[in-house]
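Text of the file target.tsv, holding TSV, C-alpha atoms:
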```
chain	number	residue	atom	x	y	z
G	530	MET	CA	67.28	-37.01	40.92
G	531	GLN	CA	70.56	-35.61	39.61
G	532	SER	CA	71.15	-32.35	37.80
G	533	ILE	CA	74.04	-30.82	35.87
G	534	ILE	CA	74.38	-27.04	36.36
G	535	LEU	CA	76.26	-25.24	33.61
G	536	VAL	CA	78.33	-22.54	35.32
G	537	GLY	CA	81.49	-22.50	33.24
G	538	GLY	CA	80.99	-19.28	31.25
G	539	LYS	CA	83.11	-16.15	31.70
G	540	GLY	CA	80.14	-13.78	31.97
G	541	THR	CA	81.72	-11.31	29.55
G	542	ARG	CA	78.53	-9.26	29.16
G	543	LEU	CA	78.53	-8.58	32.90
G	544	ARG	CA	82.07	-7.26	33.09
G	545	PRO	CA	83.60	-5.70	35.15
G	546	LEU	CA	81.52	-7.50	37.82
G	547	THR	CA	82.69	-10.90	36.58
G	548	TYR	CA	86.43	-10.26	36.43
G	549	GLU	CA	86.71	-11.57	40.00
G	550	THR	CA	83.36	-13.31	40.50
G	551	PRO	CA	81.62	-15.91	38.28
G	552	LYS	CA	78.18	-14.60	37.34
G	553	GLN	CA	76.40	-17.43	39.16
G	554	MET	CA	78.08	-16.28	42.38
G	555	LEU	CA	76.75	-12.74	42.02
G	556	PRO	CA	74.09	-12.15	44.67
G	557	LEU	CA	70.38	-11.87	44.06
G	558	VAL	CA	69.17	-9.70	46.95
G	559	GLY	CA	72.08	-10.87	49.07
G	560	VAL	CA	71.93	-14.56	48.09
G	561	PRO	CA	74.34	-16.03	45.50
G	562	MET	CA	72.36	-16.97	42.40
G	563	ILE	CA	73.69	-20.54	42.46
G	564	GLU	CA	71.98	-21.02	45.84
G	565	CYS	CA	68.69	-19.76	44.43
G	566	VAL	CA	68.95	-22.15	41.48
G	567	LEU	CA	69.67	-25.18	43.64
G	568	GLU	CA	67.03	-24.33	46.22
G	569	ALA	CA	64.42	-24.22	43.45
G	570	LEU	CA	65.59	-27.58	42.06
G	571	ALA	CA	65.54	-29.18	45.50
G	572	ARG	CA	61.82	-28.43	45.75
G	573	HIS	CA	61.33	-30.72	42.74
G	574	GLY	CA	63.30	-33.64	44.10
G	575	VAL	CA	66.87	-32.87	43.01
G	576	THR	CA	69.21	-34.29	45.64
G	577	ASP	CA	72.56	-34.24	43.79
G	578	ALA	CA	74.06	-31.79	41.33
G	579	VAL	CA	77.22	-31.58	39.27
G	580	LEU	CA	78.58	-28.07	38.79
G	581	SER	CA	80.21	-27.94	35.36
G	582	LEU	CA	82.99	-25.45	36.04
G	583	GLY	CA	85.47	-23.72	33.80
G	584	TYR	CA	85.92	-20.06	34.76
G	585	LEU	CA	87.20	-19.23	38.28
G	586	PRO	CA	86.27	-22.66	39.69
G	587	ASP	CA	87.97	-21.92	43.01
G	588	ARG	CA	85.30	-19.32	43.80
G	589	PHE	CA	82.76	-22.14	44.04
G	590	THR	CA	84.90	-24.73	45.80
G	591	GLU	CA	86.11	-22.21	48.40
G	592	ALA	CA	82.60	-20.88	49.06
G	593	TYR	CA	81.12	-24.37	49.50
G	594	PRO	CA	83.90	-26.65	50.79
G	595	SER	CA	81.37	-29.05	52.34
G	596	ASN	CA	80.00	-29.90	48.85
G	597	LEU	CA	76.53	-28.87	50.00
G	598	ILE	CA	74.56	-25.96	48.52
G	599	SER	CA	70.98	-25.23	49.58
G	600	GLY	CA	70.62	-28.77	50.84
G	601	VAL	CA	71.80	-30.32	47.56
G	602	ARG	CA	74.96	-32.46	47.43
G	603	VAL	CA	77.31	-31.07	44.78
G	604	THR	CA	80.22	-32.46	42.78
G	605	TYR	CA	82.69	-30.14	41.07
G	606	ALA	CA	83.60	-31.08	37.48
G	607	VAL	CA	86.28	-28.66	36.27
G	608	GLU	CA	86.96	-28.46	32.52
G	609	GLN	CA	90.61	-28.20	31.54
G	610	GLU	CA	89.60	-26.52	28.28
G	611	PRO	CA	86.34	-24.91	27.08
G	612	LEU	CA	83.98	-27.64	25.85
G	613	ASP	CA	80.92	-25.55	24.91
G	614	THR	CA	77.45	-26.51	26.13
G	615	ALA	CA	77.03	-30.11	24.93
G	616	GLY	CA	80.68	-30.90	25.58
G	617	ALA	CA	80.28	-29.62	29.15
G	618	ILE	CA	77.23	-31.85	29.70
G	619	ARG	CA	79.11	-34.86	28.33
G	620	PHE	CA	82.15	-34.14	30.52
G	621	ALA	CA	80.18	-33.48	33.72
G	622	SER	CA	77.98	-36.55	33.33
G	623	THR	CA	80.99	-38.81	32.72
G	624	PHE	CA	82.94	-37.25	35.59
G	625	ALA	CA	80.10	-37.83	38.07
G	626	GLY	CA	78.94	-41.16	36.67
G	627	VAL	CA	75.40	-40.00	35.89
G	628	GLY	CA	73.47	-43.09	34.84
G	629	GLU	CA	69.77	-42.23	35.05
G	630	THR	CA	67.41	-39.55	33.73
G	631	PHE	CA	68.88	-36.19	34.74
G	632	LEU	CA	68.26	-32.46	34.49
G	633	VAL	CA	70.50	-29.87	32.86
G	634	VAL	CA	70.17	-26.23	33.95
G	635	ASN	CA	71.85	-23.04	32.80
G	636	GLY	CA	73.11	-21.52	36.04
G	637	ASP	CA	72.51	-17.89	35.08
G	638	VAL	CA	68.74	-18.27	34.56
G	639	VAL	CA	66.34	-17.50	37.39
G	640	THR	CA	62.97	-19.15	37.00
G	641	ASP	CA	60.09	-20.70	38.91
G	642	LEU	CA	59.65	-23.34	36.21
G	643	ASP	CA	57.48	-26.31	37.21
G	644	VAL	CA	60.24	-28.90	36.86
G	645	THR	CA	57.99	-31.73	38.07
G	646	ARG	CA	55.54	-31.04	35.21
G	647	LEU	CA	58.45	-31.02	32.75
G	648	LEU	CA	59.74	-34.37	34.05
G	649	ASN	CA	56.30	-35.98	33.82
G	650	PHE	CA	55.85	-34.76	30.25
G	651	HIS	CA	59.31	-36.07	29.32
G	652	ARG	CA	58.57	-39.54	30.66
G	653	GLU	CA	55.19	-39.73	28.92
G	654	SER	CA	56.61	-38.62	25.55
G	655	GLY	CA	59.46	-41.14	25.47
G	656	ALA	CA	61.87	-38.38	24.35
G	657	GLU	CA	65.63	-38.64	24.59
G	658	VAL	CA	65.76	-34.96	25.56
G	659	THR	CA	63.02	-32.50	26.52
G	660	ILE	CA	63.48	-28.73	26.48
G	661	ALA	CA	61.62	-26.25	28.67
G	662	LEU	CA	60.28	-23.38	26.55
G	663	HIS	CA	59.29	-19.84	27.48
G	664	PRO	CA	57.36	-17.22	25.46
G	665	VAL	CA	59.11	-13.88	24.82
G	666	GLU	CA	58.27	-10.76	22.84
G	667	ASP	CA	61.49	-10.75	20.79
G	668	PRO	CA	62.87	-14.25	20.19
G	669	SER	CA	65.69	-13.11	17.89
G	670	HIS	CA	68.28	-13.31	20.70
G	671	PHE	CA	67.48	-16.91	21.59
G	672	GLY	CA	67.11	-20.42	20.26
G	673	VAL	CA	63.58	-20.66	18.86
G	674	VAL	CA	61.75	-23.99	19.08
G	675	PRO	CA	58.66	-24.71	16.91
G	676	THR	CA	56.85	-27.91	17.90
G	677	ALA	CA	54.12	-30.27	16.71
G	678	GLU	CA	50.90	-30.61	18.70
G	679	ASP	CA	52.35	-33.48	20.74
G	680	GLY	CA	55.41	-31.42	21.70
G	681	ARG	CA	57.84	-33.00	19.24
G	682	VAL	CA	60.40	-30.42	18.14
G	683	LEU	CA	60.21	-29.75	14.41
G	684	GLU	CA	63.45	-27.80	14.20
G	685	PHE	CA	65.81	-25.79	16.33
G	686	VAL	CA	66.43	-22.26	15.04
G	687	GLU	CA	69.29	-20.53	16.83
G	688	LYS	CA	68.90	-16.70	17.01
G	689	PRO	CA	66.75	-16.05	13.92
G	690	PRO	CA	66.74	-12.56	12.34
G	691	PRO	CA	64.18	-10.14	13.87
G	692	GLY	CA	60.71	-10.75	12.49
G	693	GLU	CA	61.57	-14.14	10.98
G	694	ALA	CA	61.13	-16.45	13.98
G	695	PRO	CA	58.60	-19.26	13.38
G	696	THR	CA	57.37	-18.96	17.00
G	697	ASN	CA	57.93	-16.85	20.09
G	698	LEU	CA	58.74	-19.92	22.21
G	699	ILE	CA	62.42	-19.99	23.09
G	700	ASN	CA	64.84	-22.44	24.68
G	701	ALA	CA	64.57	-21.59	28.39
G	702	GLY	CA	67.80	-23.33	29.43
G	703	THR	CA	66.38	-26.30	31.38
G	704	TYR	CA	66.51	-29.79	29.84
G	705	VAL	CA	65.64	-33.35	30.80
G	706	PHE	CA	68.18	-35.86	29.45
G	707	GLU	CA	68.15	-39.61	29.04
G	708	PRO	CA	71.67	-41.07	29.35
G	709	ARG	CA	71.43	-42.56	25.84
G	710	ALA	CA	71.27	-39.02	24.41
G	711	LEU	CA	74.88	-38.53	25.49
G	712	ASP	CA	75.90	-40.99	22.74
G	713	ARG	CA	74.92	-38.30	20.23
G	714	ILE	CA	77.62	-35.94	21.57
G	715	ALA	CA	81.11	-36.36	20.13
G	716	PRO	CA	83.38	-37.89	22.80
G	717	THR	CA	86.07	-35.19	22.66
G	718	GLY	CA	86.39	-31.48	22.00
G	719	PRO	CA	83.86	-28.64	22.20
G	720	VAL	CA	80.31	-29.31	21.00
G	721	SER	CA	77.40	-26.83	20.91
G	722	ILE	CA	74.10	-28.21	22.13
G	723	GLU	CA	72.18	-25.44	20.37
G	724	ARG	CA	73.86	-25.72	16.98
G	725	VAL	CA	74.79	-29.42	16.82
G	726	THR	CA	73.10	-31.69	19.36
G	727	PHE	CA	69.57	-30.29	19.37
G	728	PRO	CA	69.25	-30.11	15.57
G	729	ALA	CA	70.45	-33.72	15.32
G	730	LEU	CA	67.97	-34.86	17.96
G	731	ALA	CA	65.15	-32.99	16.21
G	732	ALA	CA	66.02	-34.65	12.91
G	733	ALA	CA	65.79	-38.03	14.66
G	734	ASN	CA	62.36	-37.16	16.15
G	735	ALA	CA	63.90	-37.66	19.60
G	736	LEU	CA	63.62	-34.06	20.89
G	737	TYR	CA	60.48	-32.79	22.63
G	738	ALA	CA	59.61	-29.50	24.33
G	739	LEU	CA	57.08	-28.10	26.77
G	740	SER	CA	56.15	-24.46	27.26
G	741	ASP	CA	55.88	-22.87	30.69
G	742	ASP	CA	54.77	-19.27	31.23
G	743	GLY	CA	56.08	-18.90	34.79
G	744	TYR	CA	58.74	-16.43	35.85
G	745	TRP	CA	61.91	-16.60	33.73
G	746	LEU	CA	64.88	-14.28	33.31
G	747	ASP	CA	68.35	-14.62	31.80
G	748	THR	CA	70.62	-12.51	34.04
G	749	GLY	CA	73.47	-12.19	31.54
G	750	THR	CA	73.61	-8.37	31.17
G	751	PRO	CA	73.78	-5.56	33.75
G	752	GLN	CA	70.26	-4.45	32.84
G	753	LEU	CA	68.88	-7.96	33.29
G	754	TYR	CA	70.86	-8.53	36.49
G	755	LEU	CA	69.33	-5.35	37.87
G	756	GLN	CA	65.89	-6.50	36.70
G	757	ALA	CA	66.31	-9.83	38.49
G	758	ASN	CA	66.98	-8.02	41.77
G	759	ILE	CA	64.14	-5.54	41.29
G	760	ASP	CA	61.73	-8.37	40.44
G	761	VAL	CA	62.48	-9.91	43.84
G	762	LEU	CA	61.90	-6.57	45.56
G	763	LYS	CA	58.57	-6.20	43.79
G	764	GLY	CA	57.49	-9.74	44.59
G	765	ARG	CA	57.57	-11.01	41.01
G	766	ASN	CA	60.08	-13.82	41.61
G	767	HIS	CA	59.21	-16.49	44.17
G	768	GLN	CA	62.12	-18.79	43.33
G	769	HIS	CA	63.87	-18.28	46.68
G	770	ASN	CA	62.53	-17.47	50.13
G	771	PHE	CA	64.03	-13.98	50.33
G	772	GLN	CA	63.90	-12.38	53.76
G	773	GLY	CA	63.93	-8.75	54.86
G	774	VAL	CA	62.46	-6.82	51.92
G	775	VAL	CA	60.94	-3.69	53.51
G	776	ASP	CA	59.16	-0.89	51.65
G	777	GLY	CA	60.36	-2.28	48.33
G	778	SER	CA	64.07	-2.36	49.20
G	779	TRP	CA	66.47	-4.71	50.97
G	780	ARG	CA	69.30	-3.78	53.28
G	781	SER	CA	71.71	-6.15	54.95
G	782	PRO	CA	71.71	-5.99	58.75
G	783	SER	CA	75.43	-5.22	58.59
G	784	ALA	CA	75.00	-2.24	56.23
G	785	SER	CA	75.26	1.31	57.55
G	786	ILE	CA	72.68	3.65	56.01
G	787	ASP	CA	72.21	7.27	57.07
G	788	ALA	CA	68.68	8.06	58.21
G	789	SER	CA	68.38	10.82	55.58
G	790	ALA	CA	69.09	8.46	52.65
G	791	THR	CA	66.25	7.50	50.31
G	792	LEU	CA	65.95	3.96	48.94
G	793	ARG	CA	63.56	3.02	46.13
G	794	HIS	CA	63.65	-0.58	44.86
G	795	SER	CA	67.31	-0.97	45.75
G	796	VAL	CA	69.61	-3.54	47.35
G	797	VAL	CA	72.25	-2.61	49.93
G	798	ASP	CA	74.36	-5.67	50.64
G	799	ARG	CA	76.50	-6.52	53.67
G	800	GLU	CA	79.05	-4.05	55.05
G	801	CYS	CA	77.91	-1.30	52.65
G	802	VAL	CA	77.95	2.34	53.75
G	803	VAL	CA	75.40	4.87	52.47
G	804	GLY	CA	75.93	8.51	53.44
G	805	ALA	CA	73.62	11.41	54.17
G	806	ASP	CA	71.05	12.60	51.60
G	807	VAL	CA	71.89	9.78	49.18
G	808	ILE	CA	69.22	8.69	46.71
G	809	LEU	CA	69.32	5.05	45.56
G	810	GLU	CA	66.79	4.05	42.94
G	811	ASP	CA	66.56	0.71	41.08
G	812	SER	CA	70.17	0.01	42.03
G	813	VAL	CA	72.33	-2.68	43.63
G	814	LEU	CA	75.20	-2.09	46.02
G	815	LEU	CA	77.39	-5.20	46.32
G	816	PRO	CA	79.20	-6.10	49.57
G	817	GLY	CA	81.39	-3.37	51.03
G	818	ALA	CA	80.40	-0.64	48.56
G	819	VAL	CA	80.50	2.94	49.85
G	820	VAL	CA	78.30	5.78	48.58
G	821	GLN	CA	79.27	9.09	50.12
G	822	SER	CA	76.89	11.92	50.98
G	823	GLY	CA	74.77	13.74	48.42
G	824	CYS	CA	75.01	11.10	45.67
G	825	GLU	CA	72.20	10.05	43.34
G	826	ILE	CA	72.49	6.51	42.01
G	827	ARG	CA	69.85	5.30	39.55
G	828	SER	CA	69.63	1.98	37.67
G	829	SER	CA	73.28	1.20	38.42
G	830	ILE	CA	75.41	-1.49	40.03
G	831	ILE	CA	78.18	-0.57	42.47
G	832	GLY	CA	80.68	-3.40	42.83
G	833	PRO	CA	82.27	-4.88	45.96
G	834	GLU	CA	84.26	-2.35	48.00
G	835	ALA	CA	83.85	0.32	45.32
G	836	ALA	CA	83.50	3.93	46.49
G	837	ILE	CA	81.39	6.72	45.01
G	838	GLY	CA	82.62	10.22	45.91
G	839	THR	CA	80.38	12.90	47.37
G	840	SER	CA	77.68	14.59	45.27
G	841	SER	CA	78.16	12.27	42.30
G	842	ILE	CA	75.28	11.40	39.99
G	843	LEU	CA	75.25	8.01	38.30
G	844	GLY	CA	72.39	7.19	35.96
G	845	PRO	CA	71.25	4.41	33.72
G	846	THR	CA	73.21	2.20	33.40
G	847	CYS	CA	76.52	2.47	35.24
G	848	VAL	CA	78.49	-0.55	36.39
G	849	VAL	CA	81.35	0.15	38.79
G	850	GLY	CA	83.78	-2.70	39.30
G	851	ALA	CA	85.28	-4.03	42.50
G	852	LYS	CA	87.37	-1.55	44.52
G	853	GLU	CA	86.98	1.21	41.90
G	854	HIS	CA	86.78	4.82	43.10
G	855	VAL	CA	84.54	7.39	41.41
G	856	ALA	CA	85.70	10.94	42.10
G	857	SER	CA	83.43	13.42	43.88
G	858	ASP	CA	81.01	15.46	41.73
G	859	SER	CA	81.18	12.94	38.90
G	860	ARG	CA	78.38	12.83	36.33
G	861	LEU	CA	78.07	9.45	34.61
G	862	SER	CA	75.28	7.97	32.50
G	863	GLY	CA	74.76	5.58	29.60
G	864	ASP	CA	76.45	2.21	29.25
G	865	VAL	CA	79.34	3.11	31.58
G	866	ARG	CA	81.68	0.33	32.72
G	867	LEU	CA	84.43	1.21	35.20
G	868	GLY	CA	87.09	-1.28	36.21
G	869	GLY	CA	89.24	-3.93	34.62
G	870	VAL	CA	91.28	-7.01	35.32
```
Please express the file's structure as structure tokens.
Amino acid sequence: MQSIILVGGKGTRLRPLTYETPKQMLPLVGVPMIECVLEALARHGVTDAVLSLGYLPDRFTEAYPSNLISGVRVTYAVEQEPLDTAGAIRFASTFAGVGETFLVVNGDVVTDLDVTRLLNFHRESGAEVTIALHPVEDPSHFGVVPTAEDGRVLEFVEKPPPGEAPTNLINAGTYVFEPRALDRIAPTGPVSIERVTFPALAAANALYALSDDGYWLDTGTPQLYLQANIDVLKGRNHQHNFQGVVDGSWRSPSASIDASATLRHSVVDRECVVGADVILEDSVLLPGAVVQSGCEIRSSIIGPEAAIGTSSILGPTCVVGAKEHVASDSRLSGDVRLGGV
């Protein structure tokens, strides 16, 4: 089974973390998210994947020069210009010569979706494309997908106004494609799967969908990226076999943490340094980050090799970019973003 992984986006909502690192390479409790995604797919029979790349493609090719990620053989398809979602699928499938039923996955979604169940439903329905759905409380930020009793998609409503969605079932970012569906995508230029391809398939009665209420999270904002890490620490996400979570937190063996520091549902990645009397709560320290003595860090992300000066207090939700320095005795809270290109 082959899969196309869409990893070409710039991750603008996660800046400054994504100025130097594609969002799918950001770690989830020490493991790059792309590895978690591919490990989960491998459990359902995926042996080969095409990474549809656009933004910072060298970060992927340099990290995995053997073209093997989590036991899955990977091909790198690098767009020369942005092609949007459907255009990226068309390009990647042509580049890799995909000729049989294949999966498409958004690389920034973490989920324990039962892909095997989705594949079986797709084959039984005779659909050209099948969408995995997930129920949410507020569907106004997503593509909403009302269906008939047999799973046939009646329409595809992209980001309806609050309170006007016809259902709470949203597009969960995993699709099963038949190769013939690619003929519905214009051969050149950018094409949106949500606004062009899916509505056309629905109008042709060729689009089906299946709901799954397993774990699902879009990691596209700092708050959601934090939530993804905390969910692992609390045992809510079983997508990857995470090792070393102790007392609700995870610390890399190469991290240096003073014995007087307090960790509550936090991640301390490799080569990090945490000083005396530090309090870390619901926070993530990325590789090489330094938090000096007396600091309190809550619901925040400290980027690679960033340094937080002594006695500083950072509260929900601060994001400190790579190699940034926060002066001692700083008081920061709210939607604070430090760091640039």
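Going from atom CA of Ser785 of chain G over to atom CA of Lys852 of chain G, you cover 18.0 Å.
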Q: List every protein, DNA or RNA residue that has an atom no more than 12 Å from (65.0, -0.5, 47.0) in the file's coordinate frame, counting only C-alpha atoms, and report them as JSON, numbers by chain.
A: {"G": [558, 755, 756, 758, 759, 760, 761, 762, 763, 773, 774, 775, 776, 777, 778, 779, 780, 781, 790, 791, 792, 793, 794, 795, 796, 797, 798, 808, 809, 810, 811, 812, 813, 814, 826, 827, 828]}
Segment 590-620 of chain G near segment 630-644 of chain G within 12 Å: what's each residue's closest atom pair and its distance in Å to one decimal, counting all atoms listed in the file, ordered by chain then ascending residue number, as a Markdown table?
```
| residue | atom | partner | partner_atom | distance |
| --- | --- | --- | --- | --- |
| G:Thr614 | CA | G:Asn635 | CA | 9.4 |
| G:Ala615 | CA | G:Val633 | CA | 10.3 |
| G:Ala617 | CA | G:Val633 | CA | 10.5 |
| G:Ile618 | CA | G:Val633 | CA | 7.7 |
| G:Arg619 | CA | G:Val633 | CA | 10.9 |
```
Q: May I ask for the distance between atom CA of Ile831 of chain G and atom CA of Gly850 of chain G, given in Å to one decimal place?
A: 6.8 Å
Q. Restricting the calculation to all atoms listed in the file, which member of G:Glu629, G:Leu662, G:Ser669, G:Val720 is positioned closest to Gly702 of chain G?
A. G:Leu662
Produce the centre coordinates and the three edge lengths, each in Å to one decimal, of the box along x, y and z that contains all listed atoms of segment 539-558 of chain G with 3 Å added on each side, as JSON.
```
{"center_x": 77.9, "center_y": -11.6, "center_z": 38.1, "size_x": 23.5, "size_y": 17.7, "size_z": 23.8}
```
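With all atoms listed in the file as the atoms that count, the residue of G:Thr541, G:Asn734, G:Ser595, G:Thr590 with the shortest distance to Ala656 of chain G is G:Asn734.
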Q. Residues around (75.8, 1.4, 48.7), cut-off 6 Å, counting only C-alpha atoms - what are they as a list in words?
A. Val797, Cys801, Val802, Val803, Leu814, Ala818, Val819 and Val820 of chain G
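Minimum atom-to-atom distance to Asp741 of chain G, evaluated using all atoms listed in the file, belongs to G:Asn700 out of G:Asn700, G:Gln821, G:Thr726, G:Asn596.
Take the candidates G:Phe671, G:Tyr737, G:Phe727, G:Tyr744 and check each one against Glu653 of chain G using all atoms listed in the file; the shortest distance goes to G:Tyr737.
Considering the residues G:Asp787, G:Glu723, G:Asp858, G:Asp864 and counting all atoms listed in the file, Ala701 of chain G has its shortest atom-to-atom contact with G:Glu723.
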